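*Asks:* This is query-v8.cif, which holds mmCIF, C-alpha atoms and all ligand atoms:
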```
data_start
#
loop_
_atom_site.group_PDB
_atom_site.id
_atom_site.type_symbol
_atom_site.label_atom_id
_atom_site.label_comp_id
_atom_site.auth_asym_id
_atom_site.auth_seq_id
_atom_site.Cartn_x
_atom_site.Cartn_y
_atom_site.Cartn_z
ATOM 1 C CA MET A 1 2.641 14.933 -32.187
ATOM 2 C CA SER A 2 3.538 11.290 -32.086
ATOM 3 C CA ARG A 3 3.478 9.702 -28.675
ATOM 4 C CA LYS A 4 5.223 6.392 -28.064
ATOM 5 C CA PRO A 5 2.591 3.815 -27.081
ATOM 6 C CA ILE A 6 2.703 2.123 -23.675
ATOM 7 C CA ILE A 7 1.654 -1.431 -22.923
ATOM 8 C CA ALA A 8 1.624 -1.879 -19.152
ATOM 9 C CA GLY A 9 0.807 -5.100 -17.316
ATOM 10 C CA ASN A 10 -0.775 -4.699 -13.886
ATOM 11 C CA TRP A 11 -0.223 -8.025 -12.144
ATOM 12 C CA LYS A 12 -2.285 -6.938 -9.120
ATOM 13 C CA MET A 13 -2.070 -9.327 -6.109
ATOM 14 C CA ASN A 14 -1.021 -12.325 -8.174
ATOM 15 C CA LEU A 15 2.036 -14.536 -8.651
ATOM 16 C CA LEU A 16 4.621 -15.810 -6.195
ATOM 17 C CA GLN A 17 8.213 -14.750 -6.856
ATOM 18 C CA SER A 18 8.984 -17.903 -8.853
ATOM 19 C CA GLU A 19 5.866 -17.379 -10.984
ATOM 20 C CA ALA A 20 6.648 -13.684 -11.462
ATOM 21 C CA LYS A 21 10.146 -14.600 -12.602
ATOM 22 C CA GLU A 22 8.766 -17.144 -15.081
ATOM 23 C CA LEU A 23 6.315 -14.620 -16.544
ATOM 24 C CA PHE A 24 9.076 -12.010 -16.730
ATOM 25 C CA GLU A 25 11.323 -14.476 -18.603
ATOM 26 C CA GLY A 26 8.483 -15.206 -21.055
ATOM 27 C CA ILE A 27 8.068 -11.503 -21.846
ATOM 28 C CA LYS A 28 11.811 -10.951 -21.972
ATOM 29 C CA SER A 29 12.359 -13.680 -24.541
ATOM 30 C CA PHE A 30 9.731 -12.020 -26.753
ATOM 31 C CA VAL A 31 11.019 -8.438 -26.489
ATOM 32 C CA ASN A 32 14.595 -9.563 -27.010
ATOM 33 C CA ASP A 33 13.831 -10.040 -30.712
ATOM 34 C CA TYR A 34 13.295 -6.283 -31.062
ATOM 35 C CA THR A 35 15.043 -3.015 -30.272
ATOM 36 C CA ALA A 36 13.506 -0.520 -27.839
ATOM 37 C CA SER A 37 12.562 1.769 -30.728
ATOM 38 C CA GLN A 38 10.542 -1.009 -32.410
ATOM 39 C CA LEU A 39 8.648 -1.802 -29.218
ATOM 40 C CA PRO A 40 6.044 0.188 -27.348
ATOM 41 C CA THR A 41 7.140 1.240 -23.858
ATOM 42 C CA VAL A 42 6.583 -2.112 -22.123
ATOM 43 C CA ILE A 43 5.953 -1.900 -18.371
ATOM 44 C CA ILE A 44 5.316 -4.673 -15.878
ATOM 45 C CA ALA A 45 3.893 -4.022 -12.412
ATOM 46 C CA PRO A 46 4.444 -6.980 -10.072
ATOM 47 C CA THR A 47 3.610 -7.051 -6.362
ATOM 48 C CA PHE A 48 6.137 -5.421 -4.022
ATOM 49 C CA THR A 49 7.449 -8.847 -2.990
ATOM 50 C CA SER A 50 8.222 -9.736 -6.610
ATOM 51 C CA LEU A 51 9.863 -6.445 -7.603
ATOM 52 C CA CYS A 52 13.275 -7.981 -7.050
ATOM 53 C CA ALA A 53 12.360 -11.114 -9.031
ATOM 54 C CA VAL A 54 12.099 -8.979 -12.195
ATOM 55 C CA ASP A 55 14.280 -6.265 -13.661
ATOM 56 C CA SER A 56 14.160 -3.610 -16.317
ATOM 57 C CA VAL A 57 15.636 -4.862 -19.594
ATOM 58 C CA LYS A 58 18.004 -2.438 -21.309
ATOM 59 C CA CYS A 59 18.161 -2.244 -25.079
ATOM 60 C CA ASN A 60 21.467 -3.452 -26.470
ATOM 61 C CA CYS A 61 21.411 -1.289 -29.618
ATOM 62 C CA GLY A 62 23.061 1.598 -27.788
ATOM 63 C CA CYS A 63 19.937 3.795 -27.701
ATOM 64 C CA GLY A 64 19.914 3.805 -23.900
ATOM 65 C CA GLY A 65 16.225 2.833 -23.818
ATOM 66 C CA ASN A 66 14.494 0.033 -21.948
ATOM 67 C CA LYS A 67 12.750 -2.917 -23.559
ATOM 68 C CA ILE A 68 10.974 -3.632 -20.277
ATOM 69 C CA SER A 69 10.448 -1.158 -17.444
ATOM 70 C CA VAL A 70 9.162 -1.945 -13.982
ATOM 71 C CA ALA A 71 6.358 -0.225 -12.054
ATOM 72 C CA ALA A 72 5.200 -0.467 -8.447
ATOM 73 C CA GLN A 73 1.450 -0.783 -7.916
ATOM 74 C CA ASN A 74 1.280 1.867 -5.192
ATOM 75 C CA CYS A 75 3.418 3.994 -2.871
ATOM 76 C CA HIS A 76 3.200 6.387 0.059
ATOM 77 C CA TRP A 77 3.923 10.092 -0.373
ATOM 78 C CA GLU A 78 6.258 10.389 2.634
ATOM 79 C CA ASN A 79 9.946 9.506 2.300
ATOM 80 C CA SER A 80 10.078 7.280 5.388
ATOM 81 C CA GLY A 81 8.589 6.939 8.838
ATOM 82 C CA ALA A 82 5.880 5.232 10.861
ATOM 83 C CA TYR A 83 3.599 4.084 8.017
ATOM 84 C CA THR A 84 3.275 0.360 8.581
ATOM 85 C CA GLY A 85 2.655 -1.588 5.411
ATOM 86 C CA GLU A 86 3.608 1.214 3.023
ATOM 87 C CA ILE A 87 6.588 1.765 0.716
ATOM 88 C CA SER A 88 8.134 5.076 -0.345
ATOM 89 C CA VAL A 89 9.043 6.319 -3.803
ATOM 90 C CA ALA A 90 12.749 5.942 -2.951
ATOM 91 C CA MET A 91 12.127 2.294 -1.978
ATOM 92 C CA ALA A 92 10.325 1.602 -5.255
ATOM 93 C CA LYS A 93 13.193 3.255 -7.129
ATOM 94 C CA ASP A 94 15.710 1.245 -5.137
ATOM 95 C CA ALA A 95 13.848 -1.931 -6.178
ATOM 96 C CA GLY A 96 14.235 -0.983 -9.867
ATOM 97 C CA CYS A 97 11.007 0.886 -10.611
ATOM 98 C CA ASP A 98 10.741 3.726 -13.126
ATOM 99 C CA TYR A 99 6.961 4.064 -12.809
ATOM 100 C CA ILE A 100 4.366 3.828 -10.026
ATOM 101 C CA ILE A 101 0.666 3.161 -10.588
ATOM 102 C CA ILE A 102 -1.528 5.344 -8.367
ATOM 103 C CA GLY A 103 -5.237 5.802 -7.847
ATOM 104 C CA HIS A 104 -6.268 2.442 -9.281
ATOM 105 C CA SER A 105 -10.009 2.015 -8.743
ATOM 106 C CA GLU A 106 -9.339 -1.041 -6.554
ATOM 107 C CA ARG A 107 -7.252 1.168 -4.238
ATOM 108 C CA ARG A 108 -9.875 3.900 -4.276
ATOM 109 C CA GLN A 109 -12.677 1.406 -3.615
ATOM 110 C CA TYR A 110 -11.140 -1.071 -1.140
ATOM 111 C CA PHE A 111 -8.521 1.107 0.547
ATOM 112 C CA SER A 112 -10.379 4.437 0.612
ATOM 113 C CA GLU A 113 -7.827 6.357 -1.422
ATOM 114 C CA THR A 114 -8.937 9.905 -2.060
ATOM 115 C CA ASP A 115 -8.117 12.359 -4.843
ATOM 116 C CA GLU A 116 -6.066 14.331 -2.335
ATOM 117 C CA MET A 117 -3.916 11.288 -1.459
ATOM 118 C CA ILE A 118 -3.433 10.531 -5.152
ATOM 119 C CA ASN A 119 -2.281 14.119 -5.765
ATOM 120 C CA LYS A 120 0.258 13.840 -2.912
ATOM 121 C CA LYS A 121 1.522 10.548 -4.341
ATOM 122 C CA ALA A 122 1.835 12.007 -7.851
ATOM 123 C CA LYS A 123 3.892 14.922 -6.509
ATOM 124 C CA ALA A 124 6.135 12.618 -4.449
ATOM 125 C CA ILE A 125 6.715 10.290 -7.430
ATOM 126 C CA LEU A 126 7.700 13.161 -9.727
ATOM 127 C CA ALA A 127 9.891 14.737 -7.045
ATOM 128 C CA GLY A 128 11.634 11.356 -6.712
ATOM 129 C CA GLY A 129 12.351 11.232 -10.447
ATOM 130 C CA LEU A 130 9.823 8.497 -11.275
ATOM 131 C CA ILE A 131 6.716 8.628 -13.449
ATOM 132 C CA PRO A 132 3.192 8.275 -12.056
ATOM 133 C CA ILE A 133 0.581 6.249 -13.919
ATOM 134 C CA ILE A 134 -2.536 7.998 -12.631
ATOM 135 C CA CYS A 135 -5.734 5.945 -12.923
ATOM 136 C CA CYS A 136 -9.225 7.355 -13.227
ATOM 137 C CA GLY A 137 -12.600 5.900 -14.154
ATOM 138 C CA GLU A 138 -16.319 5.955 -13.563
ATOM 139 C CA THR A 139 -18.665 3.388 -12.020
ATOM 140 C CA LEU A 140 -21.564 1.946 -13.999
ATOM 141 C CA GLU A 141 -23.957 4.059 -11.884
ATOM 142 C CA GLN A 142 -22.062 7.242 -12.773
ATOM 143 C CA ARG A 143 -22.083 6.301 -16.462
ATOM 144 C CA GLU A 144 -25.804 5.563 -16.399
ATOM 145 C CA ALA A 145 -26.446 8.850 -14.581
ATOM 146 C CA GLY A 146 -24.630 10.690 -17.401
ATOM 147 C CA ILE A 147 -21.903 12.119 -15.157
ATOM 148 C CA THR A 148 -18.900 10.221 -16.586
ATOM 149 C CA ASP A 149 -17.142 13.266 -18.028
ATOM 150 C CA GLU A 150 -17.619 15.489 -15.027
ATOM 151 C CA HIS A 151 -16.442 12.744 -12.634
ATOM 152 C CA ILE A 152 -13.320 11.936 -14.668
ATOM 153 C CA ALA A 153 -12.507 15.635 -15.204
ATOM 154 C CA SER A 154 -12.675 16.243 -11.469
ATOM 155 C CA GLN A 155 -10.435 13.209 -10.731
ATOM 156 C CA ILE A 156 -7.852 14.516 -13.229
ATOM 157 C CA ARG A 157 -7.960 18.134 -12.019
ATOM 158 C CA ALA A 158 -7.439 16.932 -8.435
ATOM 159 C CA ALA A 159 -4.633 14.509 -9.331
ATOM 160 C CA LEU A 160 -2.707 17.143 -11.311
ATOM 161 C CA SER A 161 -3.283 20.052 -8.948
ATOM 162 C CA GLY A 162 -0.076 21.997 -8.227
ATOM 163 C CA ILE A 163 2.065 19.929 -10.633
ATOM 164 C CA SER A 164 4.193 21.851 -13.167
ATOM 165 C CA SER A 165 3.376 21.591 -16.873
ATOM 166 C CA GLU A 166 6.754 19.974 -17.437
ATOM 167 C CA ASP A 167 5.975 17.230 -14.918
ATOM 168 C CA VAL A 168 2.436 16.760 -16.259
ATOM 169 C CA ALA A 169 3.916 16.271 -19.745
ATOM 170 C CA LYS A 170 5.945 13.248 -18.655
ATOM 171 C CA SER A 171 3.171 11.676 -16.566
ATOM 172 C CA VAL A 172 0.869 8.900 -17.714
ATOM 173 C CA ILE A 173 -2.899 8.677 -17.199
ATOM 174 C CA ALA A 174 -4.929 5.473 -17.456
ATOM 175 C CA TYR A 175 -8.650 5.765 -18.152
ATOM 176 C CA GLU A 176 -10.238 2.622 -16.746
ATOM 177 C CA PRO A 177 -14.027 2.483 -16.617
ATOM 178 C CA ILE A 178 -14.656 0.462 -13.441
ATOM 179 C CA TRP A 179 -17.428 -1.586 -15.059
ATOM 180 C CA ALA A 180 -14.923 -2.788 -17.683
ATOM 181 C CA ILE A 181 -12.219 -3.952 -15.243
ATOM 182 C CA GLY A 182 -11.967 -7.721 -14.947
ATOM 183 C CA THR A 183 -15.461 -8.171 -16.386
ATOM 184 C CA GLY A 184 -14.607 -9.080 -19.979
ATOM 185 C CA LYS A 185 -16.778 -6.091 -21.039
ATOM 186 C CA THR A 186 -14.395 -3.829 -22.954
ATOM 187 C CA CYS A 187 -15.482 -0.206 -23.372
ATOM 188 C CA ASP A 188 -16.321 0.558 -27.006
ATOM 189 C CA SER A 189 -13.119 1.936 -28.593
ATOM 190 C CA VAL A 190 -14.780 5.023 -30.022
ATOM 191 C CA GLU A 191 -16.280 5.855 -26.627
ATOM 192 C CA ALA A 192 -12.969 5.184 -24.816
ATOM 193 C CA ASN A 193 -11.280 7.487 -27.329
ATOM 194 C CA ARG A 194 -13.919 10.180 -26.736
ATOM 195 C CA VAL A 195 -13.353 10.104 -22.954
ATOM 196 C CA ILE A 196 -9.574 10.095 -23.426
ATOM 197 C CA ALA A 197 -9.788 13.114 -25.761
ATOM 198 C CA MET A 198 -11.891 14.835 -23.076
ATOM 199 C CA ILE A 199 -9.157 14.020 -20.509
ATOM 200 C CA ARG A 200 -6.556 15.502 -22.863
ATOM 201 C CA ASN A 201 -8.631 18.676 -23.008
ATOM 202 C CA VAL A 202 -8.678 18.855 -19.205
ATOM 203 C CA VAL A 203 -4.875 18.437 -19.221
ATOM 204 C CA LYS A 204 -4.697 21.289 -21.742
ATOM 205 C CA GLU A 205 -6.764 23.512 -19.426
ATOM 206 C CA VAL A 206 -4.610 22.810 -16.380
ATOM 207 C CA ALA A 207 -1.141 22.397 -17.896
ATOM 208 C CA GLY A 208 -1.244 23.865 -21.411
ATOM 209 C CA GLU A 209 -1.201 22.540 -24.964
ATOM 210 C CA SER A 210 2.299 21.150 -25.018
ATOM 211 C CA ALA A 211 1.709 19.018 -21.892
ATOM 212 C CA ALA A 212 -1.607 17.827 -23.372
ATOM 213 C CA ASP A 213 0.179 16.841 -26.584
ATOM 214 C CA SER A 214 2.926 14.962 -24.755
ATOM 215 C CA ILE A 215 1.114 13.157 -21.927
ATOM 216 C CA ARG A 216 0.345 9.543 -22.677
ATOM 217 C CA ILE A 217 -3.207 8.459 -21.865
ATOM 218 C CA LEU A 218 -3.956 4.748 -21.770
ATOM 219 C CA TYR A 219 -7.163 2.750 -21.836
ATOM 220 C CA GLY A 220 -7.670 -0.059 -19.322
ATOM 221 C CA GLY A 221 -10.487 -2.546 -18.765
ATOM 222 C CA SER A 222 -10.594 -6.055 -20.243
ATOM 223 C CA VAL A 223 -7.946 -5.325 -22.885
ATOM 224 C CA LYS A 224 -7.179 -8.509 -24.847
ATOM 225 C CA PRO A 225 -5.047 -9.421 -27.873
ATOM 226 C CA SER A 226 -8.254 -9.259 -29.948
ATOM 227 C CA THR A 227 -9.188 -5.712 -28.843
ATOM 228 C CA ILE A 228 -5.856 -3.877 -28.849
ATOM 229 C CA GLU A 229 -5.552 -3.163 -32.588
ATOM 230 C CA GLU A 230 -8.856 -1.325 -32.723
ATOM 231 C CA GLN A 231 -8.016 0.518 -29.504
ATOM 232 C CA MET A 232 -4.572 1.566 -30.757
ATOM 233 C CA ALA A 233 -6.040 2.760 -34.051
ATOM 234 C CA GLN A 234 -7.932 5.517 -32.187
ATOM 235 C CA SER A 235 -6.533 9.051 -32.297
ATOM 236 C CA ASP A 236 -6.115 9.646 -28.570
ATOM 237 C CA ILE A 237 -5.543 6.202 -27.045
ATOM 238 C CA ASP A 238 -1.806 5.941 -26.393
ATOM 239 C CA GLY A 239 -1.700 2.402 -25.053
ATOM 240 C CA ALA A 240 -3.194 0.062 -22.510
ATOM 241 C CA LEU A 241 -3.096 -0.863 -18.855
ATOM 242 C CA VAL A 242 -3.734 -4.586 -18.921
ATOM 243 C CA GLY A 243 -4.801 -6.697 -15.940
ATOM 244 C CA GLY A 244 -5.959 -10.281 -16.559
ATOM 245 C CA ALA A 245 -4.362 -10.643 -19.999
ATOM 246 C CA SER A 246 -0.973 -9.560 -18.602
ATOM 247 C CA LEU A 247 -0.711 -12.633 -16.376
ATOM 248 C CA LYS A 248 0.205 -14.974 -19.224
ATOM 249 C CA ALA A 249 3.265 -14.303 -21.384
ATOM 250 C CA ASP A 250 1.448 -15.482 -24.527
ATOM 251 C CA SER A 251 -1.432 -13.030 -24.270
ATOM 252 C CA PHE A 252 0.690 -10.116 -23.056
ATOM 253 C CA ASN A 253 3.235 -10.674 -25.831
ATOM 254 C CA GLU A 254 0.421 -10.866 -28.372
ATOM 255 C CA ILE A 255 -0.903 -7.521 -27.118
ATOM 256 C CA ILE A 256 2.582 -6.030 -27.615
ATOM 257 C CA ALA A 257 2.881 -7.615 -31.086
ATOM 258 C CA ASN A 258 -0.561 -6.389 -32.165
ATOM 259 C CA THR A 259 0.282 -2.903 -30.900
ATOM 260 C CA MET A 260 3.389 -2.895 -33.099
ATOM 261 C CA LYS A 261 1.193 -3.699 -36.134
ATOM 262 C CA VAL A 262 -0.774 -0.468 -35.808
ATOM 263 C CA ALA A 263 1.363 1.940 -33.787
ATOM 264 C CA VAL A 264 5.011 2.474 -32.717
HETATM 265 P P1 LIG B 301 -8.354 -6.060 -16.599
HETATM 266 O O1 LIG B 301 -7.715 -5.047 -15.509
HETATM 267 O O2 LIG B 301 -7.507 -5.943 -17.830
HETATM 268 O O3 LIG B 301 -8.270 -7.422 -15.947
HETATM 269 O O4 LIG B 301 -9.751 -5.613 -16.832
HETATM 270 C C1 LIG B 301 -7.256 -3.777 -15.868
HETATM 271 C C2 LIG B 301 -6.760 -3.036 -14.660
HETATM 272 O O5 LIG B 301 -7.399 -3.095 -13.599
HETATM 273 O O6 LIG B 301 -5.720 -2.340 -14.725
#
```
If you took the structure in this file and wrote it as structure tokens, what would it be?
*Replies:*
Amino acid sequence: MSRKPIIAGNWKMNLLQSEAKELFEGIKSFVNDYTASQLPTVIIAPTFTSLCAVDSVKCNCGCGGNKISVAAQNCHWENSGAYTGEISVAMAKDAGCDYIIIGHSERRQYFSETDEMINKKAKAILAGGLIPIICCGETLEQREAGITDEHIASQIRAALSGISSEDVAKSVIAYEPIWAIGTGKTCDSVEANRVIAMIRNVVKEVAGESAADSIRILYGGSVKPSTIEEQMAQSDIDGALVGGASLKADSFNEIIANTMKVAV
């Protein structure tokens, strides 16, 4: 089964609207030299305040695909109401998003997000017609204690609980070892691939073989232009969620270009 790779840029809490627009233009001028079918699925995730400074870029070859899609970095599971500081799935959609990142380790760690909340968000996103990018990952302590697989498997089982196989199939998972995020210490590609294959097995258990074959599972954690080719050459790594290296058009575009050399 061939899965279209995804290169997603998580801009985190960075860039004013003018800066977001400039970065967006830099990526746009690169992808405009290609058709959507030549490119990986390219996703950018700006802050909420910059969602309207960027836009999805439609392919002009008539395929109906996007050359750039937009993601929100978080959402609430309710449609509306007294939830100060939150945004709903419908609001993210209204601002041009096709994807929403949920369960990022920074949200779990600094904003006390639980597996149960992430499951509610995943269900709300799918019900709203968008695609969740569900993050999971272990701490260094968990890795050293030898409980990486069991921790990740339990995060994935909880996130996907009660979701139909059809919806699981179109979802995206990002495996991001916490000790590799923003540290410059990339997880060894063979090890990242092993954990991702384990995740795919968990998906198979909960949603069946066809969902496991279709779901795209990304690696995240200090991905750089120099690491992506080896990562994309692995059997189960379907792309990357990129933080730091997505904040400059040059490095993000190089990650897309290097991905096209080995996969797409
Ligand atoms: P990084 O961030 O690429 O800066 O390590 C990845 C992420 O947190 O999604």
*Asks:* Put a box with edges along x, y and z around all the listed atoms of ligand LIG 301 (chain B), pad it by 8 Å on each side, then give me its centre and sizes in Å, one decimal, as AutoDock Vina command-line options.
*Replies:*
```
--center_x -7.7 --center_y -4.9 --center_z -15.7 --size_x 20.0 --size_y 21.1 --size_z 20.2
```
*Asks:* Near stretch 21-36 of chain A, counting only C-alpha atoms, which residues have an atom at most 7 Å away, once you skip same-chain residues fewer than 3 positions from it, shown as a PDB file with C-alpha atoms, keeping the file's coordinate frame?
*Replies:*
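Saved the output as out04.pdb:
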```
ATOM      1  CA  GLN A  17       8.213 -14.750  -6.856  1.00  0.00           C
ATOM      2  CA  SER A  18       8.984 -17.903  -8.853  1.00  0.00           C
ATOM      3  CA  LEU A  39       8.648  -1.802 -29.218  1.00  0.00           C
ATOM      4  CA  ALA A  53      12.360 -11.114  -9.031  1.00  0.00           C
ATOM      5  CA  VAL A  54      12.099  -8.979 -12.195  1.00  0.00           C
ATOM      6  CA  CYS A  59      18.161  -2.244 -25.079  1.00  0.00           C
ATOM      7  CA  CYS A  61      21.411  -1.289 -29.618  1.00  0.00           C
ATOM      8  CA  GLY A  65      16.225   2.833 -23.818  1.00  0.00           C
ATOM      9  CA  ASN A  66      14.494   0.033 -21.948  1.00  0.00           C
ATOM     10  CA  LYS A  67      12.750  -2.917 -23.559  1.00  0.00           C
ATOM     11  CA  LYS A 248       0.205 -14.974 -19.224  1.00  0.00           C
ATOM     12  CA  ALA A 249       3.265 -14.303 -21.384  1.00  0.00           C
ATOM     13  CA  ASN A 253       3.235 -10.674 -25.831  1.00  0.00           C
TER      14      ASN A 253
END
```
*Asks:* Expanded to explicit residues, what is the PyMOL selection byres (((chain A and resi 122) around 9) and not hetatm) for this file, as an NGL selection string?
*Replies:* :A and (77 or 100 or 102 or 117-121 or 123-127 or 131-134 or 159-160 or 163 or 171)
*Asks:* I need the output of the PyMOL selection byres (((chain A and resi 219) around 10) and not hetatm) for this file as a compact mmCIF listing (two decimals) with C-alpha atoms, in the coordinates of the input; which residues are they?
*Replies:*
```txt
# COMPACT_ATOMS: atom_id res chain seq x y z
CA ILE A 7 1.65 -1.43 -22.92
CA CYS A 135 -5.73 5.94 -12.92
CA CYS A 136 -9.22 7.36 -13.23
CA GLY A 137 -12.60 5.90 -14.15
CA ILE A 173 -2.90 8.68 -17.20
CA ALA A 174 -4.93 5.47 -17.46
CA TYR A 175 -8.65 5.76 -18.15
CA GLU A 176 -10.24 2.62 -16.75
CA PRO A 177 -14.03 2.48 -16.62
CA THR A 186 -14.40 -3.83 -22.95
CA CYS A 187 -15.48 -0.21 -23.37
CA SER A 189 -13.12 1.94 -28.59
CA ALA A 192 -12.97 5.18 -24.82
CA ASN A 193 -11.28 7.49 -27.33
CA VAL A 195 -13.35 10.10 -22.95
CA ILE A 196 -9.57 10.10 -23.43
CA ILE A 217 -3.21 8.46 -21.86
CA LEU A 218 -3.96 4.75 -21.77
CA GLY A 220 -7.67 -0.06 -19.32
CA GLY A 221 -10.49 -2.55 -18.76
CA SER A 222 -10.59 -6.06 -20.24
CA VAL A 223 -7.95 -5.32 -22.88
CA ILE A 228 -5.86 -3.88 -28.85
CA GLN A 231 -8.02 0.52 -29.50
CA MET A 232 -4.57 1.57 -30.76
CA ASP A 236 -6.12 9.65 -28.57
CA ILE A 237 -5.54 6.20 -27.04
CA ASP A 238 -1.81 5.94 -26.39
CA GLY A 239 -1.70 2.40 -25.05
CA ALA A 240 -3.19 0.06 -22.51
CA LEU A 241 -3.10 -0.86 -18.86
CA VAL A 242 -3.73 -4.59 -18.92
```
*Asks:* Using all atoms listed in the file for the distances, tell me which of A:Val262, A:Gln73, A:Val57, A:Thr47 is nearest to ligand LIG 301 (chain B).
*Replies:* A:Gln73
*Asks:* What does the structure give for the distance between atom CA of A:Val168 and atom CA of A:Cys52, in Å to one decimal?
*Replies:*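 Separation of atom CA of A:Val168 and atom CA of A:Cys52: 28.5 Å.
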*Asks:* Neighbouring residues of A:Glu86 were defined as those with any atom within 12 Å, considering all atoms listed in the file; residues of the same chain fewer than 3 positions away were excluded. Please report them as a PyMOL selection string.
*Replies:* chain A and resi 48+72-83+89-92
*Asks:* For atom CA of A:Glu138 and atom CA of A:Gln109, quote the distance in Å rounded to one decimal.
*Replies:*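 Between atom CA of A:Glu138 and atom CA of A:Gln109 the gap is 11.5 Å.
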*Asks:* Output the residue selection produced by the PyMOL selection byres (((chain A and resi 40) around 8) and not hetatm) on the file above, formatted as a PyMOL selection string.
*Replies:* chain A and resi 4-7+36-39+41-42+256+259-260+264
*Asks:* What does the distance from atom CA of A:Gly208 to atom CA of A:Ile101 come to in Å, to one decimal?
*Replies:*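 Calculated distance between atom CA of A:Gly208 and atom CA of A:Ile101 is 23.4 Å.
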*Asks:* So, counting only C-alpha atoms and all ligand atoms, which residue among A:Arg200, A:Lys261, A:Arg107, A:Arg194 is closest to ligand LIG 301 (chain B)?
*Replies:*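 For ligand LIG 301 (chain B), the nearest of the given residues is A:Arg107.
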*Asks:* A:Gly9, A:Cys63, A:Glu191, A:Thr49: which is nearest A:Ile87, counting all atoms listed in the file?
*Replies:*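 So, comparing all the options, the nearest one is A:Thr49.
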